[in-house]
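Engineer: Below you will find the structure I want to go over with you.
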Amino acid sequence: MQHIHSYRPAGEISDPPIDTVSLPHDLRHLRRKLLHLSNGDMVMLDLKEAVLFHHGDRLVLDNGDTVEVQAAPEKLFEVRARDTLHLIELAWHLGNRHLSAQIEEGRIVILRDHVIRSMLQGLGANVFDIEEPFQPARGAYHSHGSHGGHDDHNHGHDHGHDHHDHGHHGHKHD
């Protein structure tokens with residue numbers, strides 16, 4: 001079995017890969033894992049640190065060949081707004097809930113969550129079911145090869161800050 005001890009970011013290698021591995025976004029944060037390639041072969045990924053892989057990144061096999069990481073299609077919501085300001089407003093609401101989001105000009109893509117869909121529709125957004133590869137934005141504290149930032153862990157615990165509208169404080173300013 002071949003082993004992988006290094007990688008290269010997308011675009012650094014122009015030679016074609018020998019194969020691909022297709023993974024959803026939540027399985028692309030890896031350090032050590034047995035990977036099943038599209039041709040049925042298996043390779044062992046064994047890196048010094050965990051890495052958040054993006055579509056097009058290359059895993060380098062011991063023999064120098066490469067395997068391309070592909071973002072697998074996922075069930076998502078496409079969020080469309082009335083205009084740019086409305087899109088920014090919707091992005092703020094999603095960010096306030098610490099949701100992974102793929103932000104593009106004219107749309108936001110998020111994982112399907114029917115509670116969030118209702119919230120977005122209540123805010124005037126158009127929300128469509130789509131299925132495509134998901135490339136959420138990396139957090140401000142997350143570099144390609146690091147794993148120690150604020151954005152890098154599950155937000156299922158209390159951070160000591162509230163998730164509410166910080167713009168209204170219930171009092172007047174003169």
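For the structure tokens, the naming scheme is as follows: chains receive sequential letters (A, B, ...) according to their order of presentation, residues are indexed from 1 within each chain, and ligands are indexed from 1 in presentation order.
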For Arg8 of chain A, find every residue with an atom within 12 Å (counting only C-alpha atoms), except residues of its own chain fewer than 2 positions away, and show them as an mmCIF file with all heavy atoms, in the first residue's frame.

Structural biologist:
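Okay, part32.cif is ready:
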```cif
data_model
loop_
_atom_site.group_PDB
_atom_site.id
_atom_site.type_symbol
_atom_site.label_atom_id
_atom_site.label_comp_id
_atom_site.auth_asym_id
_atom_site.auth_seq_id
_atom_site.Cartn_x
_atom_site.Cartn_y
_atom_site.Cartn_z
ATOM 1 N N ILE A 4 1.140 8.472 1.955
ATOM 2 C CA ILE A 4 1.191 9.903 1.642
ATOM 3 C C ILE A 4 1.682 10.620 2.886
ATOM 4 O O ILE A 4 1.077 10.499 3.955
ATOM 5 C CB ILE A 4 -0.204 10.428 1.247
ATOM 6 C CG1 ILE A 4 -0.691 9.729 -0.023
ATOM 7 C CG2 ILE A 4 -0.183 11.946 1.086
ATOM 8 C CD1 ILE A 4 -2.162 9.914 -0.292
ATOM 9 N N HIS A 5 2.791 11.359 2.730
ATOM 10 C CA HIS A 5 3.344 12.116 3.850
ATOM 11 C C HIS A 5 3.401 13.612 3.560
ATOM 12 O O HIS A 5 3.820 14.388 4.417
ATOM 13 C CB HIS A 5 4.752 11.610 4.197
ATOM 14 C CG HIS A 5 4.767 10.184 4.634
ATOM 15 N ND1 HIS A 5 4.310 9.761 5.859
ATOM 16 C CD2 HIS A 5 5.164 9.053 3.991
ATOM 17 C CE1 HIS A 5 4.431 8.442 5.960
ATOM 18 N NE2 HIS A 5 4.943 7.994 4.833
ATOM 19 N N SER A 6 3.011 14.004 2.340
ATOM 20 C CA SER A 6 3.039 15.428 2.004
ATOM 21 C C SER A 6 1.928 15.743 1.006
ATOM 22 O O SER A 6 1.297 14.845 0.453
ATOM 23 C CB SER A 6 4.399 15.839 1.444
ATOM 24 O OG SER A 6 4.653 15.195 0.211
ATOM 25 N N ALA A 10 -3.675 23.308 -4.430
ATOM 26 C CA ALA A 10 -4.202 23.315 -5.795
ATOM 27 C C ALA A 10 -3.428 24.308 -6.656
ATOM 28 O O ALA A 10 -3.097 25.405 -6.211
ATOM 29 C CB ALA A 10 -5.685 23.682 -5.782
ATOM 30 N N GLY A 11 -3.119 23.885 -7.871
ATOM 31 C CA GLY A 11 -2.454 24.761 -8.824
ATOM 32 C C GLY A 11 -0.939 24.695 -8.821
ATOM 33 O O GLY A 11 -0.303 25.198 -9.737
ATOM 34 N N GLU A 12 -0.322 24.105 -7.802
ATOM 35 C CA GLU A 12 1.145 24.043 -7.744
ATOM 36 C C GLU A 12 1.726 22.981 -8.668
ATOM 37 O O GLU A 12 2.859 23.087 -9.079
ATOM 38 C CB GLU A 12 1.616 23.762 -6.317
ATOM 39 C CG GLU A 12 1.750 24.991 -5.469
ATOM 40 C CD GLU A 12 2.510 24.721 -4.176
ATOM 41 O OE1 GLU A 12 3.140 23.650 -4.025
ATOM 42 O OE2 GLU A 12 2.463 25.597 -3.304
ATOM 43 N N ILE A 13 0.968 21.935 -8.943
ATOM 44 C CA ILE A 13 1.449 20.828 -9.774
ATOM 45 C C ILE A 13 0.634 20.795 -11.052
ATOM 46 O O ILE A 13 -0.597 20.761 -11.018
ATOM 47 C CB ILE A 13 1.327 19.484 -9.020
ATOM 48 C CG1 ILE A 13 2.195 19.509 -7.753
ATOM 49 C CG2 ILE A 13 1.706 18.322 -9.928
ATOM 50 C CD1 ILE A 13 2.055 18.287 -6.876
ATOM 51 N N SER A 14 1.320 20.795 -12.197
ATOM 52 C CA SER A 14 0.606 20.807 -13.478
ATOM 53 C C SER A 14 0.454 19.418 -14.087
ATOM 54 O O SER A 14 -0.413 19.203 -14.927
ATOM 55 C CB SER A 14 1.294 21.744 -14.471
ATOM 56 O OG SER A 14 2.618 21.320 -14.695
ATOM 57 N N PRO A 17 -2.895 14.024 -12.149
ATOM 58 C CA PRO A 17 -2.812 13.073 -11.039
ATOM 59 C C PRO A 17 -3.028 11.651 -11.550
ATOM 60 O O PRO A 17 -3.625 11.453 -12.619
ATOM 61 C CB PRO A 17 -3.970 13.501 -10.135
ATOM 62 C CG PRO A 17 -4.966 14.096 -11.078
ATOM 63 C CD PRO A 17 -4.146 14.784 -12.143
ATOM 64 N N VAL A 51 -4.717 18.846 8.155
ATOM 65 C CA VAL A 51 -4.808 19.823 7.078
ATOM 66 C C VAL A 51 -6.249 19.870 6.587
ATOM 67 O O VAL A 51 -6.895 18.830 6.448
ATOM 68 C CB VAL A 51 -3.871 19.441 5.905
ATOM 69 C CG1 VAL A 51 -4.057 20.374 4.723
ATOM 70 C CG2 VAL A 51 -2.420 19.438 6.361
ATOM 71 N N LEU A 52 -6.742 21.068 6.329
ATOM 72 C CA LEU A 52 -8.055 21.247 5.718
ATOM 73 C C LEU A 52 -7.846 21.303 4.210
ATOM 74 O O LEU A 52 -7.345 22.298 3.685
ATOM 75 C CB LEU A 52 -8.717 22.530 6.209
ATOM 76 C CG LEU A 52 -10.061 22.867 5.580
ATOM 77 C CD1 LEU A 52 -11.082 21.762 5.817
ATOM 78 C CD2 LEU A 52 -10.567 24.190 6.126
ATOM 79 N N PHE A 53 -8.196 20.218 3.519
ATOM 80 C CA PHE A 53 -7.988 20.140 2.081
ATOM 81 C C PHE A 53 -9.138 20.777 1.322
ATOM 82 O O PHE A 53 -10.288 20.667 1.727
ATOM 83 C CB PHE A 53 -7.811 18.677 1.645
ATOM 84 C CG PHE A 53 -6.522 18.084 2.109
ATOM 85 C CD1 PHE A 53 -6.479 17.230 3.190
ATOM 86 C CD2 PHE A 53 -5.335 18.412 1.458
ATOM 87 C CE1 PHE A 53 -5.277 16.699 3.629
ATOM 88 C CE2 PHE A 53 -4.126 17.887 1.889
ATOM 89 C CZ PHE A 53 -4.104 17.030 2.974
ATOM 90 N N HIS A 54 -8.769 21.414 0.212
ATOM 91 C CA HIS A 54 -9.745 22.018 -0.689
ATOM 92 C C HIS A 54 -9.698 21.304 -2.030
ATOM 93 O O HIS A 54 -8.730 20.611 -2.348
ATOM 94 C CB HIS A 54 -9.458 23.503 -0.868
ATOM 95 C CG HIS A 54 -10.103 24.343 0.172
ATOM 96 N ND1 HIS A 54 -10.576 25.601 -0.060
ATOM 97 C CD2 HIS A 54 -10.387 24.101 1.467
ATOM 98 C CE1 HIS A 54 -11.109 26.090 1.034
ATOM 99 N NE2 HIS A 54 -10.995 25.200 1.981
ATOM 100 N N HIS A 55 -10.735 21.500 -2.800
ATOM 101 C CA HIS A 55 -10.825 20.903 -4.131
ATOM 102 C C HIS A 55 -9.579 21.267 -4.940
ATOM 103 O O HIS A 55 -9.194 22.424 -5.003
ATOM 104 C CB HIS A 55 -12.089 21.415 -4.827
ATOM 105 C CG HIS A 55 -12.327 20.790 -6.159
ATOM 106 N ND1 HIS A 55 -12.934 19.570 -6.302
ATOM 107 C CD2 HIS A 55 -12.008 21.204 -7.402
ATOM 108 C CE1 HIS A 55 -12.997 19.267 -7.589
ATOM 109 N NE2 HIS A 55 -12.438 20.239 -8.267
ATOM 110 N N GLY A 56 -8.953 20.259 -5.526
ATOM 111 C CA GLY A 56 -7.784 20.490 -6.363
ATOM 112 C C GLY A 56 -6.451 20.320 -5.670
ATOM 113 O O GLY A 56 -5.408 20.261 -6.334
ATOM 114 N N ASP A 57 -6.444 20.262 -4.332
ATOM 115 C CA ASP A 57 -5.188 20.010 -3.623
ATOM 116 C C ASP A 57 -4.665 18.641 -4.038
ATOM 117 O O ASP A 57 -5.429 17.748 -4.407
ATOM 118 C CB ASP A 57 -5.397 20.043 -2.105
ATOM 119 C CG ASP A 57 -5.635 21.449 -1.562
ATOM 120 O OD1 ASP A 57 -5.411 22.432 -2.298
ATOM 121 O OD2 ASP A 57 -6.053 21.551 -0.398
ATOM 122 N N ARG A 58 -3.343 18.465 -3.967
ATOM 123 C CA ARG A 58 -2.718 17.207 -4.379
ATOM 124 C C ARG A 58 -2.050 16.520 -3.198
ATOM 125 O O ARG A 58 -1.295 17.136 -2.440
ATOM 126 C CB ARG A 58 -1.661 17.465 -5.453
ATOM 127 C CG ARG A 58 -2.193 17.984 -6.750
ATOM 128 C CD ARG A 58 -2.918 16.885 -7.553
ATOM 129 N NE ARG A 58 -3.239 17.386 -8.866
ATOM 130 C CZ ARG A 58 -2.444 17.252 -9.925
ATOM 131 N NH1 ARG A 58 -1.298 16.626 -9.827
ATOM 132 N NH2 ARG A 58 -2.810 17.767 -11.083
ATOM 133 N N LEU A 59 -2.316 15.234 -3.065
ATOM 134 C CA LEU A 59 -1.647 14.381 -2.093
ATOM 135 C C LEU A 59 -0.477 13.726 -2.811
ATOM 136 O O LEU A 59 -0.640 13.198 -3.910
ATOM 137 C CB LEU A 59 -2.613 13.320 -1.577
ATOM 138 C CG LEU A 59 -3.951 13.839 -1.042
ATOM 139 C CD1 LEU A 59 -4.869 12.680 -0.681
ATOM 140 C CD2 LEU A 59 -3.729 14.759 0.145
ATOM 141 N N VAL A 60 0.712 13.766 -2.224
ATOM 142 C CA VAL A 60 1.911 13.246 -2.873
ATOM 143 C C VAL A 60 2.245 11.868 -2.298
ATOM 144 O O VAL A 60 2.523 11.730 -1.098
ATOM 145 C CB VAL A 60 3.109 14.203 -2.695
ATOM 146 C CG1 VAL A 60 4.337 13.663 -3.416
ATOM 147 C CG2 VAL A 60 2.754 15.608 -3.200
ATOM 148 N N LEU A 61 2.198 10.860 -3.165
ATOM 149 C CA LEU A 61 2.528 9.490 -2.774
ATOM 150 C C LEU A 61 4.038 9.338 -2.592
ATOM 151 O O LEU A 61 4.819 10.139 -3.107
ATOM 152 C CB LEU A 61 2.039 8.511 -3.833
ATOM 153 C CG LEU A 61 0.524 8.477 -4.047
ATOM 154 C CD1 LEU A 61 0.183 7.759 -5.337
ATOM 155 C CD2 LEU A 61 -0.151 7.809 -2.862
ATOM 156 N N GLY A 64 6.178 9.706 -5.595
ATOM 157 C CA GLY A 64 6.148 10.993 -6.290
ATOM 158 C C GLY A 64 4.884 11.248 -7.087
ATOM 159 O O GLY A 64 4.621 12.380 -7.491
ATOM 160 N N ASP A 65 4.100 10.206 -7.356
ATOM 161 C CA ASP A 65 2.816 10.403 -8.034
ATOM 162 C C ASP A 65 1.881 11.200 -7.132
ATOM 163 O O ASP A 65 2.079 11.256 -5.913
ATOM 164 C CB ASP A 65 2.161 9.055 -8.371
ATOM 165 C CG ASP A 65 2.877 8.308 -9.475
ATOM 166 O OD1 ASP A 65 3.574 8.956 -10.290
ATOM 167 O OD2 ASP A 65 2.744 7.067 -9.524
ATOM 168 N N THR A 66 0.853 11.789 -7.729
ATOM 169 C CA THR A 66 -0.085 12.565 -6.925
ATOM 170 C C THR A 66 -1.512 12.075 -7.121
ATOM 171 O O THR A 66 -1.871 11.516 -8.154
ATOM 172 C CB THR A 66 -0.034 14.071 -7.267
ATOM 173 O OG1 THR A 66 -0.438 14.277 -8.610
ATOM 174 C CG2 THR A 66 1.348 14.641 -7.008
ATOM 175 N N VAL A 67 -2.317 12.322 -6.088
ATOM 176 C CA VAL A 67 -3.751 12.047 -6.082
ATOM 177 C C VAL A 67 -4.436 13.389 -5.830
ATOM 178 O O VAL A 67 -4.052 14.114 -4.908
ATOM 179 C CB VAL A 67 -4.118 11.031 -4.974
ATOM 180 C CG1 VAL A 67 -5.620 10.903 -4.832
ATOM 181 C CG2 VAL A 67 -3.467 9.687 -5.246
ATOM 182 N N GLU A 68 -5.436 13.709 -6.653
ATOM 183 C CA GLU A 68 -6.139 14.985 -6.490
ATOM 184 C C GLU A 68 -7.332 14.828 -5.556
ATOM 185 O O GLU A 68 -8.127 13.894 -5.689
ATOM 186 C CB GLU A 68 -6.632 15.500 -7.841
ATOM 187 C CG GLU A 68 -7.255 16.884 -7.736
ATOM 188 C CD GLU A 68 -7.636 17.423 -9.093
ATOM 189 O OE1 GLU A 68 -8.751 17.116 -9.551
ATOM 190 O OE2 GLU A 68 -6.799 18.128 -9.682
ATOM 191 N N VAL A 69 -7.450 15.758 -4.604
ATOM 192 C CA VAL A 69 -8.607 15.816 -3.712
ATOM 193 C C VAL A 69 -9.734 16.506 -4.471
ATOM 194 O O VAL A 69 -9.526 17.587 -5.042
ATOM 195 C CB VAL A 69 -8.284 16.597 -2.423
ATOM 196 C CG1 VAL A 69 -9.527 16.763 -1.566
ATOM 197 C CG2 VAL A 69 -7.157 15.924 -1.653
ATOM 198 N N HIS A 144 -3.903 27.218 5.533
ATOM 199 C CA HIS A 144 -4.033 25.963 4.799
ATOM 200 C C HIS A 144 -3.518 24.771 5.595
ATOM 201 O O HIS A 144 -4.139 23.727 5.610
ATOM 202 C CB HIS A 144 -3.306 26.056 3.453
ATOM 203 C CG HIS A 144 -3.590 24.901 2.561
ATOM 204 N ND1 HIS A 144 -4.745 24.828 1.825
ATOM 205 C CD2 HIS A 144 -2.902 23.776 2.321
ATOM 206 C CE1 HIS A 144 -4.749 23.697 1.146
ATOM 207 N NE2 HIS A 144 -3.640 23.044 1.427
ATOM 208 N N GLY A 145 -2.403 24.911 6.277
ATOM 209 C CA GLY A 145 -1.824 23.748 6.939
ATOM 210 C C GLY A 145 -1.952 23.755 8.443
ATOM 211 O O GLY A 145 -1.475 22.853 9.094
#
```

Engineer: Among segment 1-84 of chain A, which residues does DSSP mark as helix (DSSP H, G or I) when it is run on the backbone? Keep the chain and numbering as in the structure and answer as a VMD selection string.

Structural biologist: chain A and resid 25 to 27 84

Engineer: Quick one: residues within 8 Å of segment 77-94 of chain A, only C-alpha atoms, excluding same-chain residues fewer than 6 positions away - as a list in words?

Structural biologist: Ala101, Gly106, Arg107, Ile108, Val109, Ile110, Leu111, Arg112, Arg117, Leu120, Leu123, Gly124, Ala125, Asn126, Val127, Phe128, Asp129 and Ile130 of chain A

Engineer: What are the closest atom pairs, with distances in Å to one decimal, for each residue of segment 56-152 of chain A lying within 8 Å of segment 25-48 of chain A, using only C-alpha atoms, rows by chain and rising residue number, as a tab-separated table?

Structural biologist:
```
residue	atom	partner	partner_atom	distance
A:Ala71	CA	A:His25	CA	6.7
A:Ala72	CA	A:His25	CA	7.6
A:Phe134	CA	A:His25	CA	6.2
A:Gln135	CA	A:His25	CA	6.8
A:Pro136	CA	A:His25	CA	7.7
```

Engineer: Go ahead and compute the interatomic distance for atom CA of His98 of chain A and atom CA of Glu49 of chain A, in Å to one decimal.

Structural biologist: 24.2 Å

Engineer: Using only C-alpha atoms, which of A:Asn96, A:Gln102, A:Asn63, A:Gln2 sits nearest Ile116 of chain A?

Structural biologist: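 Result for the nearest residue to Ile116 of chain A: A:Asn96.
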